[in-house]
Structures are given as C-alpha cells and as structure tokens.
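Shown next: my_file.txt, given as compact mmCIF, N, CA and C atoms.
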```txt
# COMPACT_ATOMS: atom_id res chain seq x y z
N MET A 1 0.84 -1.19 0.00
CA MET A 1 0.00 0.00 0.00
C MET A 1 0.88 1.25 0.00
N SER A 2 0.52 2.21 -0.82
CA SER A 2 1.29 3.45 -0.89
C SER A 2 1.11 4.26 0.39
N LYS A 3 2.16 4.89 0.79
CA LYS A 3 2.14 5.72 1.98
C LYS A 3 1.69 7.13 1.64
N LYS A 4 1.21 7.85 2.65
CA LYS A 4 0.73 9.22 2.46
C LYS A 4 1.88 10.22 2.52
N ILE A 5 1.94 11.08 1.50
CA ILE A 5 2.97 12.12 1.46
C ILE A 5 2.30 13.47 1.30
N VAL A 6 2.60 14.38 2.22
CA VAL A 6 2.11 15.75 2.13
C VAL A 6 3.21 16.58 1.48
N SER A 7 2.83 17.34 0.45
CA SER A 7 3.81 18.14 -0.29
C SER A 7 3.43 19.61 -0.24
N PHE A 8 4.34 20.41 0.29
CA PHE A 8 4.18 21.86 0.30
C PHE A 8 4.97 22.41 -0.88
N LEU A 9 4.28 23.02 -1.85
CA LEU A 9 4.93 23.45 -3.08
C LEU A 9 4.83 24.96 -3.27
N CYS A 10 5.96 25.56 -3.62
CA CYS A 10 6.03 26.98 -3.94
C CYS A 10 5.15 27.26 -5.15
N ASN A 11 4.32 28.27 -5.07
CA ASN A 11 3.40 28.65 -6.14
C ASN A 11 4.12 28.96 -7.44
N TRP A 12 5.26 29.62 -7.36
CA TRP A 12 5.92 30.14 -8.55
C TRP A 12 6.75 29.11 -9.30
N CYS A 13 7.27 28.13 -8.60
CA CYS A 13 8.15 27.17 -9.27
C CYS A 13 7.64 25.74 -9.17
N THR A 14 7.72 25.14 -8.02
CA THR A 14 7.44 23.71 -7.91
C THR A 14 5.98 23.38 -8.18
N PHE A 15 5.05 24.23 -7.74
CA PHE A 15 3.64 23.98 -8.05
C PHE A 15 3.41 24.05 -9.55
N THR A 16 4.05 25.00 -10.21
CA THR A 16 3.93 25.12 -11.66
C THR A 16 4.56 23.92 -12.36
N ALA A 17 5.65 23.39 -11.81
CA ALA A 17 6.26 22.17 -12.36
C ALA A 17 5.32 20.98 -12.20
N ALA A 18 4.61 20.92 -11.07
CA ALA A 18 3.63 19.85 -10.86
C ALA A 18 2.51 19.96 -11.89
N ASP A 19 2.08 21.19 -12.15
CA ASP A 19 1.05 21.43 -13.15
C ASP A 19 1.55 21.00 -14.54
N LEU A 20 2.80 21.33 -14.85
CA LEU A 20 3.39 20.93 -16.13
C LEU A 20 3.47 19.41 -16.24
N ALA A 21 3.85 18.76 -15.15
CA ALA A 21 3.91 17.29 -15.16
C ALA A 21 2.52 16.71 -15.45
N GLY A 22 1.51 17.31 -14.87
CA GLY A 22 0.15 16.83 -15.10
C GLY A 22 -0.32 17.07 -16.52
N THR A 23 -0.10 18.27 -17.04
CA THR A 23 -0.55 18.57 -18.40
C THR A 23 0.27 17.80 -19.45
N SER A 24 1.48 17.41 -19.07
CA SER A 24 2.32 16.60 -19.96
C SER A 24 2.02 15.11 -19.82
N ARG A 25 1.08 14.80 -18.93
CA ARG A 25 0.67 13.41 -18.67
C ARG A 25 1.83 12.53 -18.19
N LEU A 26 2.71 13.12 -17.40
CA LEU A 26 3.80 12.36 -16.80
C LEU A 26 3.25 11.59 -15.61
N GLN A 27 3.70 10.38 -15.45
CA GLN A 27 3.21 9.54 -14.36
C GLN A 27 4.05 9.75 -13.11
N TYR A 28 3.35 10.04 -12.01
CA TYR A 28 4.03 10.05 -10.72
C TYR A 28 3.07 9.51 -9.68
N SER A 29 3.60 9.18 -8.55
CA SER A 29 2.86 8.51 -7.50
C SER A 29 1.55 9.22 -7.18
N ASP A 30 0.50 8.45 -6.93
CA ASP A 30 -0.80 9.05 -6.63
C ASP A 30 -1.03 9.26 -5.13
N ASN A 31 -0.02 9.02 -4.33
CA ASN A 31 -0.16 9.21 -2.89
C ASN A 31 0.34 10.58 -2.42
N ILE A 32 0.55 11.49 -3.36
CA ILE A 32 1.04 12.83 -3.07
C ILE A 32 -0.15 13.75 -2.84
N ARG A 33 -0.17 14.45 -1.72
CA ARG A 33 -1.21 15.44 -1.43
C ARG A 33 -0.54 16.81 -1.45
N ILE A 34 -0.96 17.65 -2.39
CA ILE A 34 -0.28 18.93 -2.62
C ILE A 34 -0.97 20.06 -1.87
N ILE A 35 -0.14 20.87 -1.21
CA ILE A 35 -0.59 22.11 -0.58
C ILE A 35 0.24 23.23 -1.21
N ARG A 36 -0.43 24.15 -1.85
CA ARG A 36 0.26 25.26 -2.53
C ARG A 36 0.55 26.37 -1.52
N THR A 37 1.80 26.84 -1.52
CA THR A 37 2.19 27.98 -0.68
C THR A 37 2.76 29.06 -1.61
N MET A 38 2.75 30.28 -1.17
CA MET A 38 3.30 31.35 -2.01
C MET A 38 4.82 31.25 -2.12
N CYS A 39 5.46 30.72 -1.10
CA CYS A 39 6.91 30.58 -1.09
C CYS A 39 7.26 29.42 -0.17
N SER A 40 8.32 28.71 -0.49
CA SER A 40 8.73 27.61 0.37
C SER A 40 9.05 28.09 1.78
N SER A 41 9.46 29.35 1.91
CA SER A 41 9.80 29.87 3.23
C SER A 41 8.57 30.02 4.13
N ARG A 42 7.38 29.93 3.56
CA ARG A 42 6.14 30.03 4.35
C ARG A 42 5.80 28.72 5.04
N VAL A 43 6.57 27.66 4.76
CA VAL A 43 6.33 26.36 5.38
C VAL A 43 7.02 26.35 6.74
N ASP A 44 6.22 26.44 7.76
CA ASP A 44 6.72 26.46 9.14
C ASP A 44 7.02 25.03 9.59
N PRO A 45 8.06 24.82 10.38
CA PRO A 45 8.32 23.48 10.92
C PRO A 45 7.12 22.88 11.65
N VAL A 46 6.28 23.71 12.23
CA VAL A 46 5.08 23.22 12.91
C VAL A 46 4.16 22.51 11.92
N PHE A 47 4.06 23.03 10.68
CA PHE A 47 3.22 22.40 9.66
C PHE A 47 3.74 21.00 9.34
N ILE A 48 5.05 20.87 9.27
CA ILE A 48 5.67 19.59 8.93
C ILE A 48 5.42 18.57 10.05
N ILE A 49 5.66 18.99 11.27
CA ILE A 49 5.46 18.09 12.41
C ILE A 49 3.99 17.73 12.56
N LYS A 50 3.12 18.71 12.37
CA LYS A 50 1.67 18.46 12.45
C LYS A 50 1.24 17.45 11.39
N ALA A 51 1.75 17.56 10.18
CA ALA A 51 1.41 16.60 9.12
C ALA A 51 1.83 15.18 9.53
N LEU A 52 3.02 15.05 10.11
CA LEU A 52 3.50 13.74 10.53
C LEU A 52 2.70 13.20 11.71
N ILE A 53 2.34 14.06 12.64
CA ILE A 53 1.53 13.64 13.78
C ILE A 53 0.14 13.21 13.32
N ASP A 54 -0.39 13.90 12.32
CA ASP A 54 -1.73 13.60 11.82
C ASP A 54 -1.79 12.41 10.87
N GLY A 55 -0.66 11.74 10.65
CA GLY A 55 -0.69 10.50 9.90
C GLY A 55 0.05 10.46 8.58
N ALA A 56 0.67 11.55 8.18
CA ALA A 56 1.47 11.51 6.94
C ALA A 56 2.70 10.64 7.18
N ASP A 57 3.10 9.91 6.15
CA ASP A 57 4.29 9.08 6.26
C ASP A 57 5.54 9.81 5.80
N GLY A 58 5.36 10.89 5.05
CA GLY A 58 6.47 11.70 4.58
C GLY A 58 6.00 13.10 4.25
N VAL A 59 6.92 14.05 4.28
CA VAL A 59 6.62 15.44 3.93
C VAL A 59 7.67 15.91 2.94
N PHE A 60 7.17 16.51 1.84
CA PHE A 60 8.04 17.05 0.81
C PHE A 60 7.83 18.56 0.75
N VAL A 61 8.93 19.30 0.65
CA VAL A 61 8.85 20.75 0.47
C VAL A 61 9.61 21.07 -0.82
N GLY A 62 8.94 21.78 -1.73
CA GLY A 62 9.56 22.14 -3.00
C GLY A 62 9.56 23.64 -3.20
N GLY A 63 10.67 24.15 -3.69
CA GLY A 63 10.78 25.60 -3.90
C GLY A 63 11.62 25.94 -5.11
N CYS A 64 11.77 27.23 -5.33
CA CYS A 64 12.58 27.74 -6.44
C CYS A 64 14.06 27.42 -6.18
N HIS A 65 14.83 27.36 -7.26
CA HIS A 65 16.27 27.16 -7.11
C HIS A 65 16.87 28.33 -6.34
N PRO A 66 17.90 28.09 -5.52
CA PRO A 66 18.55 29.19 -4.80
C PRO A 66 18.98 30.30 -5.77
N GLY A 67 18.64 31.50 -5.40
CA GLY A 67 18.94 32.65 -6.24
C GLY A 67 17.81 33.03 -7.17
N ASP A 68 16.81 32.18 -7.33
CA ASP A 68 15.68 32.44 -8.22
C ASP A 68 14.37 32.68 -7.49
N CYS A 69 14.42 32.81 -6.19
CA CYS A 69 13.20 32.99 -5.39
C CYS A 69 12.50 34.30 -5.76
N HIS A 70 11.20 34.24 -5.95
CA HIS A 70 10.43 35.44 -6.26
C HIS A 70 10.37 36.40 -5.06
N TYR A 71 10.71 35.89 -3.90
CA TYR A 71 10.74 36.73 -2.69
C TYR A 71 12.18 36.89 -2.20
N GLN A 72 13.10 36.86 -3.10
CA GLN A 72 14.53 37.11 -2.94
C GLN A 72 15.28 36.05 -2.16
N LYS A 73 15.04 35.91 -0.86
CA LYS A 73 15.83 35.00 -0.05
C LYS A 73 15.01 33.91 0.62
N GLY A 74 13.77 33.75 0.21
CA GLY A 74 12.87 32.80 0.88
C GLY A 74 13.40 31.39 0.93
N ASN A 75 13.94 30.91 -0.18
CA ASN A 75 14.41 29.53 -0.20
C ASN A 75 15.65 29.32 0.67
N TYR A 76 16.45 30.36 0.84
CA TYR A 76 17.59 30.25 1.76
C TYR A 76 17.10 30.09 3.20
N TYR A 77 16.06 30.84 3.56
CA TYR A 77 15.49 30.71 4.90
C TYR A 77 14.90 29.31 5.10
N GLU A 78 14.22 28.81 4.06
CA GLU A 78 13.62 27.49 4.19
C GLU A 78 14.67 26.40 4.33
N ARG A 79 15.76 26.53 3.62
CA ARG A 79 16.83 25.53 3.73
C ARG A 79 17.32 25.42 5.18
N ARG A 80 17.44 26.56 5.85
CA ARG A 80 17.86 26.54 7.26
C ARG A 80 16.79 25.91 8.15
N LYS A 81 15.53 26.25 7.88
CA LYS A 81 14.43 25.69 8.69
C LYS A 81 14.33 24.17 8.51
N ILE A 82 14.55 23.69 7.31
CA ILE A 82 14.48 22.24 7.06
C ILE A 82 15.61 21.52 7.81
N ALA A 83 16.80 22.09 7.80
CA ALA A 83 17.93 21.48 8.52
C ALA A 83 17.61 21.38 10.01
N LEU A 84 17.05 22.45 10.57
CA LEU A 84 16.67 22.42 11.99
C LEU A 84 15.54 21.45 12.25
N THR A 85 14.59 21.38 11.34
CA THR A 85 13.45 20.48 11.51
C THR A 85 13.89 19.03 11.47
N LYS A 86 14.84 18.71 10.59
CA LYS A 86 15.35 17.34 10.54
C LYS A 86 16.01 16.94 11.86
N THR A 87 16.74 17.87 12.45
CA THR A 87 17.36 17.62 13.75
C THR A 87 16.30 17.40 14.81
N LEU A 88 15.27 18.23 14.79
CA LEU A 88 14.17 18.08 15.75
C LEU A 88 13.45 16.75 15.56
N LEU A 89 13.20 16.36 14.32
CA LEU A 89 12.52 15.09 14.06
C LEU A 89 13.32 13.92 14.62
N GLN A 90 14.63 13.94 14.42
CA GLN A 90 15.47 12.87 14.95
C GLN A 90 15.39 12.81 16.47
N SER A 91 15.32 13.98 17.10
CA SER A 91 15.28 14.00 18.57
C SER A 91 13.98 13.44 19.13
N ILE A 92 12.91 13.42 18.32
CA ILE A 92 11.65 12.84 18.80
C ILE A 92 11.40 11.46 18.19
N GLY A 93 12.43 10.90 17.56
CA GLY A 93 12.35 9.52 17.10
C GLY A 93 11.83 9.30 15.69
N ILE A 94 11.86 10.32 14.86
CA ILE A 94 11.43 10.17 13.47
C ILE A 94 12.66 10.26 12.59
N LYS A 95 12.77 9.34 11.64
CA LYS A 95 13.91 9.38 10.72
C LYS A 95 13.84 10.64 9.87
N LYS A 96 14.98 11.30 9.74
CA LYS A 96 15.02 12.55 8.98
C LYS A 96 14.73 12.35 7.50
N ASP A 97 14.83 11.10 7.03
CA ASP A 97 14.54 10.80 5.63
C ASP A 97 13.05 10.93 5.29
N ARG A 98 12.21 11.11 6.29
CA ARG A 98 10.77 11.31 6.04
C ARG A 98 10.48 12.73 5.57
N LEU A 99 11.49 13.59 5.61
CA LEU A 99 11.35 14.98 5.17
C LEU A 99 12.34 15.22 4.04
N ARG A 100 11.85 15.81 2.97
CA ARG A 100 12.73 16.10 1.83
C ARG A 100 12.47 17.50 1.30
N LEU A 101 13.54 18.19 0.98
CA LEU A 101 13.49 19.52 0.37
C LEU A 101 14.16 19.43 -0.99
N SER A 102 13.49 19.94 -2.03
CA SER A 102 14.07 19.95 -3.38
C SER A 102 13.76 21.26 -4.06
N TRP A 103 14.69 21.65 -4.92
CA TRP A 103 14.51 22.86 -5.72
C TRP A 103 14.10 22.42 -7.13
N ILE A 104 12.90 22.79 -7.53
CA ILE A 104 12.38 22.40 -8.84
C ILE A 104 11.74 23.63 -9.47
N SER A 105 12.27 24.06 -10.61
CA SER A 105 11.75 25.26 -11.26
C SER A 105 10.49 24.95 -12.08
N ALA A 106 9.82 25.99 -12.52
CA ALA A 106 8.55 25.85 -13.23
C ALA A 106 8.66 25.03 -14.50
N SER A 107 9.80 25.04 -15.15
CA SER A 107 9.96 24.32 -16.42
C SER A 107 10.41 22.87 -16.23
N GLU A 108 10.54 22.42 -15.00
CA GLU A 108 11.08 21.08 -14.74
C GLU A 108 10.00 20.07 -14.34
N GLY A 109 8.98 19.96 -15.17
CA GLY A 109 7.92 18.99 -14.92
C GLY A 109 8.43 17.56 -14.80
N PRO A 110 9.30 17.11 -15.73
CA PRO A 110 9.85 15.75 -15.60
C PRO A 110 10.65 15.55 -14.30
N LYS A 111 11.38 16.58 -13.89
CA LYS A 111 12.14 16.48 -12.63
C LYS A 111 11.18 16.34 -11.46
N PHE A 112 10.06 17.07 -11.49
CA PHE A 112 9.06 16.95 -10.42
C PHE A 112 8.54 15.52 -10.35
N ALA A 113 8.15 14.96 -11.48
CA ALA A 113 7.61 13.60 -11.50
C ALA A 113 8.66 12.59 -10.99
N ASP A 114 9.90 12.72 -11.45
CA ASP A 114 10.97 11.82 -11.01
C ASP A 114 11.23 11.95 -9.52
N THR A 115 11.25 13.19 -9.02
CA THR A 115 11.50 13.43 -7.60
C THR A 115 10.40 12.84 -6.74
N MET A 116 9.15 13.02 -7.17
CA MET A 116 8.03 12.47 -6.41
C MET A 116 8.06 10.94 -6.40
N ASN A 117 8.38 10.33 -7.54
CA ASN A 117 8.47 8.87 -7.60
C ASN A 117 9.60 8.35 -6.72
N ASP A 118 10.74 9.03 -6.75
CA ASP A 118 11.88 8.64 -5.92
C ASP A 118 11.55 8.76 -4.43
N PHE A 119 10.96 9.89 -4.05
CA PHE A 119 10.63 10.10 -2.64
C PHE A 119 9.57 9.09 -2.18
N SER A 120 8.60 8.82 -3.02
CA SER A 120 7.56 7.85 -2.68
C SER A 120 8.15 6.46 -2.44
N LYS A 121 9.11 6.07 -3.27
CA LYS A 121 9.77 4.76 -3.09
C LYS A 121 10.53 4.72 -1.76
N LYS A 122 11.21 5.83 -1.43
CA LYS A 122 11.95 5.88 -0.16
C LYS A 122 11.01 5.79 1.04
N ILE A 123 9.88 6.47 0.94
CA ILE A 123 8.91 6.43 2.04
C ILE A 123 8.32 5.03 2.16
N ASP A 124 8.05 4.37 1.03
CA ASP A 124 7.55 2.99 1.07
C ASP A 124 8.54 2.07 1.77
N LYS A 125 9.84 2.28 1.52
CA LYS A 125 10.87 1.46 2.16
C LYS A 125 10.94 1.72 3.67
N LEU A 126 10.73 2.99 4.05
CA LEU A 126 10.75 3.33 5.48
C LEU A 126 9.56 2.73 6.22
N GLY A 127 8.48 2.52 5.51
CA GLY A 127 7.29 1.95 6.14
C GLY A 127 6.41 3.02 6.74
N GLU A 128 5.43 2.55 7.47
CA GLU A 128 4.45 3.45 8.07
C GLU A 128 5.05 4.31 9.16
N ASN A 129 4.59 5.54 9.24
CA ASN A 129 5.01 6.46 10.29
C ASN A 129 4.19 6.14 11.54
N HIS A 130 4.85 5.71 12.59
CA HIS A 130 4.14 5.32 13.81
C HIS A 130 4.02 6.46 14.81
N LEU A 131 4.51 7.64 14.44
CA LEU A 131 4.47 8.78 15.37
C LEU A 131 3.05 9.11 15.78
N SER A 132 2.12 9.11 14.84
CA SER A 132 0.76 9.53 15.16
C SER A 132 0.10 8.57 16.14
N LYS A 133 0.56 7.34 16.20
CA LYS A 133 0.00 6.36 17.13
C LYS A 133 0.61 6.47 18.51
N ASN A 134 1.75 7.14 18.61
CA ASN A 134 2.48 7.21 19.88
C ASN A 134 2.31 8.53 20.61
N ILE A 135 1.67 9.50 19.97
CA ILE A 135 1.51 10.81 20.60
C ILE A 135 0.03 11.02 20.92
N TYR A 136 -0.23 11.41 22.14
CA TYR A 136 -1.60 11.68 22.56
C TYR A 136 -1.73 13.15 22.87
N LEU A 137 -2.59 13.81 22.13
CA LEU A 137 -2.77 15.26 22.32
C LEU A 137 -4.02 15.54 23.11
```
Please express the file's structure as structure tokens.
Amino acid sequence: MSKKIVSFLCNWCTFTAADLAGTSRLQYSDNIRIIRTMCSSRVDPVFIIKALIDGADGVFVGGCHPGDCHYQKGNYYERRKIALTKTLLQSIGIKKDRLRLSWISASEGPKFADTMNDFSKKIDKLGENHLSKNIYL
C-alpha cells in the first residue's frame, strides 16, 4: 500500500512544475497530497510536524532554485528551517529521511515527477510512520 505524502509546493516554481507534469501526462505517485504555498519559506516546521503527527508518512517541500526565489531569499530561509526540523525530528524519534526539500523550477515537470516517484519509493521502504500512534494530544 502506498504511503501518504504531504507536499508543500512553492506557487511560482514547484507547483507550476507539478502542473506541467500533469498537463504533460507524466506519471508520478498518486499518494502525493499537494498544498500550494506562495513561497517555500512560508512552510513552518510546525506544519511539517503536524502533518507527521496527523498520519502523513512523509513530507516534501519544493521551492525555487537558490537565487531564483520570487521573494529574494525565501528559499535560503527554508533551507535553514528544514535542517533544523530534521534535527528536531530525529530528537523525537522520526527518521530525517521522512522529510525532503528539493529545488524544482517551473519548467522542470519531468524532474518533479521523477523526484516524487523517488521520494515515494523511499517512504515505502521506510514503512508506516508510527508517530501519530504514539503521541496523545
């Protein structure tokens, strides 16, 4: 069974690449749930942890290539937040491989499809995320 992956995609680049992959009829995993954000830097670590607690098996964040951000430095900020979030995830017992950050521009529909397929395979190998079963809110 395919695992659930929540994907936060930058409106200007990675979301547009996902749209291109779809209109080009490229095949990628159907277990991807897309959330469009204006910039990858708008993805707060709390959103990532909340997705994992609520049952996602993996979280993907996609943004513009460094230096091409429509908000100048947004992707640089997100890169730092992802590094810190991976450290936090490890400290609470979640493998850091459940979180992935990639830079995919609007014209890279095939790269989006390949990246999603690759990440989906890695999440399938990791198995189910048991965090949501171990935390009581």
For this session: Would you mind reading off the distance between atom C of Ile123 of chain A and atom N of Ile94 of chain A, one decimal, in Å?
Result: 14.2 Å
For this session: Mind checking which residues fall within 6.5 Å of segment 101-105 of chain A, counting only N, CA and C atoms, ignoring those fewer than 4 positions away in the same chain, and posting them as an MDAnalysis selection string?
Result: chainID A and resid 12:14 16:17 60:66 109 112
Exercise. So which bits of segment 30-111 of chain A end up alpha helix (DSSP H) when you DSSP the backbone, as a ChimeraX atom specification?
Worked result: /A:45-53,74-91,109-111
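The residue that comes closest to Pro45 of chain A, out of A:Asp19, A:Glu78, A:Asp68, A:Asp114 and on the basis of only C-alpha atoms, is A:Glu78.
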For this session: Would you mind listing what lies within 12 Å of Ser29 of chain A as a ChimeraX atom specification, with only C-alpha atoms counted and same-chain residues fewer than 3 positions away left out?
Result: /A:1-5,18,21-22,26,32-34,112-124
Exercise. Using only N, CA and C atoms, which residue out of A:Ser41, A:Ile48, A:Ser91, A:Pro110 lies closest to Tyr76 of chain A?
Worked result: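 Checking each candidate against Tyr76 of chain A, we get A:Ser41 as the closest.
Minimum distance to Tyr71 of chain A across A:Cys39, A:Leu9, A:Ile92, A:Ile53 (counting all atoms listed in the file) occurs at A:Cys39.
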Exercise. When you draw a straight line from atom CA of Lys86 of chain A to atom CA of Glu108 of chain A, how long is it in Å?
Worked result: 25.9 Å
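Going from atom C of Tyr77 of chain A over to atom C of Gly93 of chain A, you cover 22.8 Å.
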Enclosing box along x, y and z for every listed atom of segment 39-42 of chain A, padded 3 Å each side, centre and size in Å, one decimal, as JSON:
```
{"center_x": 7.6, "center_y": 29.2, "center_z": 2.0, "size_x": 10.3, "size_y": 9.1, "size_z": 12.1}
```
For this session: Would you mind writing down, as a list in words, each residue of chain A that DSSP on the backbone assigns to strand (DSSP E)?
Result: Ile5, Val6, Ser7, Phe8, Leu9, Cys10, Ile32, Arg33, Ile34, Ile35, Arg36, Thr37, Gly58, Val59, Phe60, Val61, Gly62, Gly63, Leu99, Arg100, Leu101, Ser102 and Trp103 of chain A
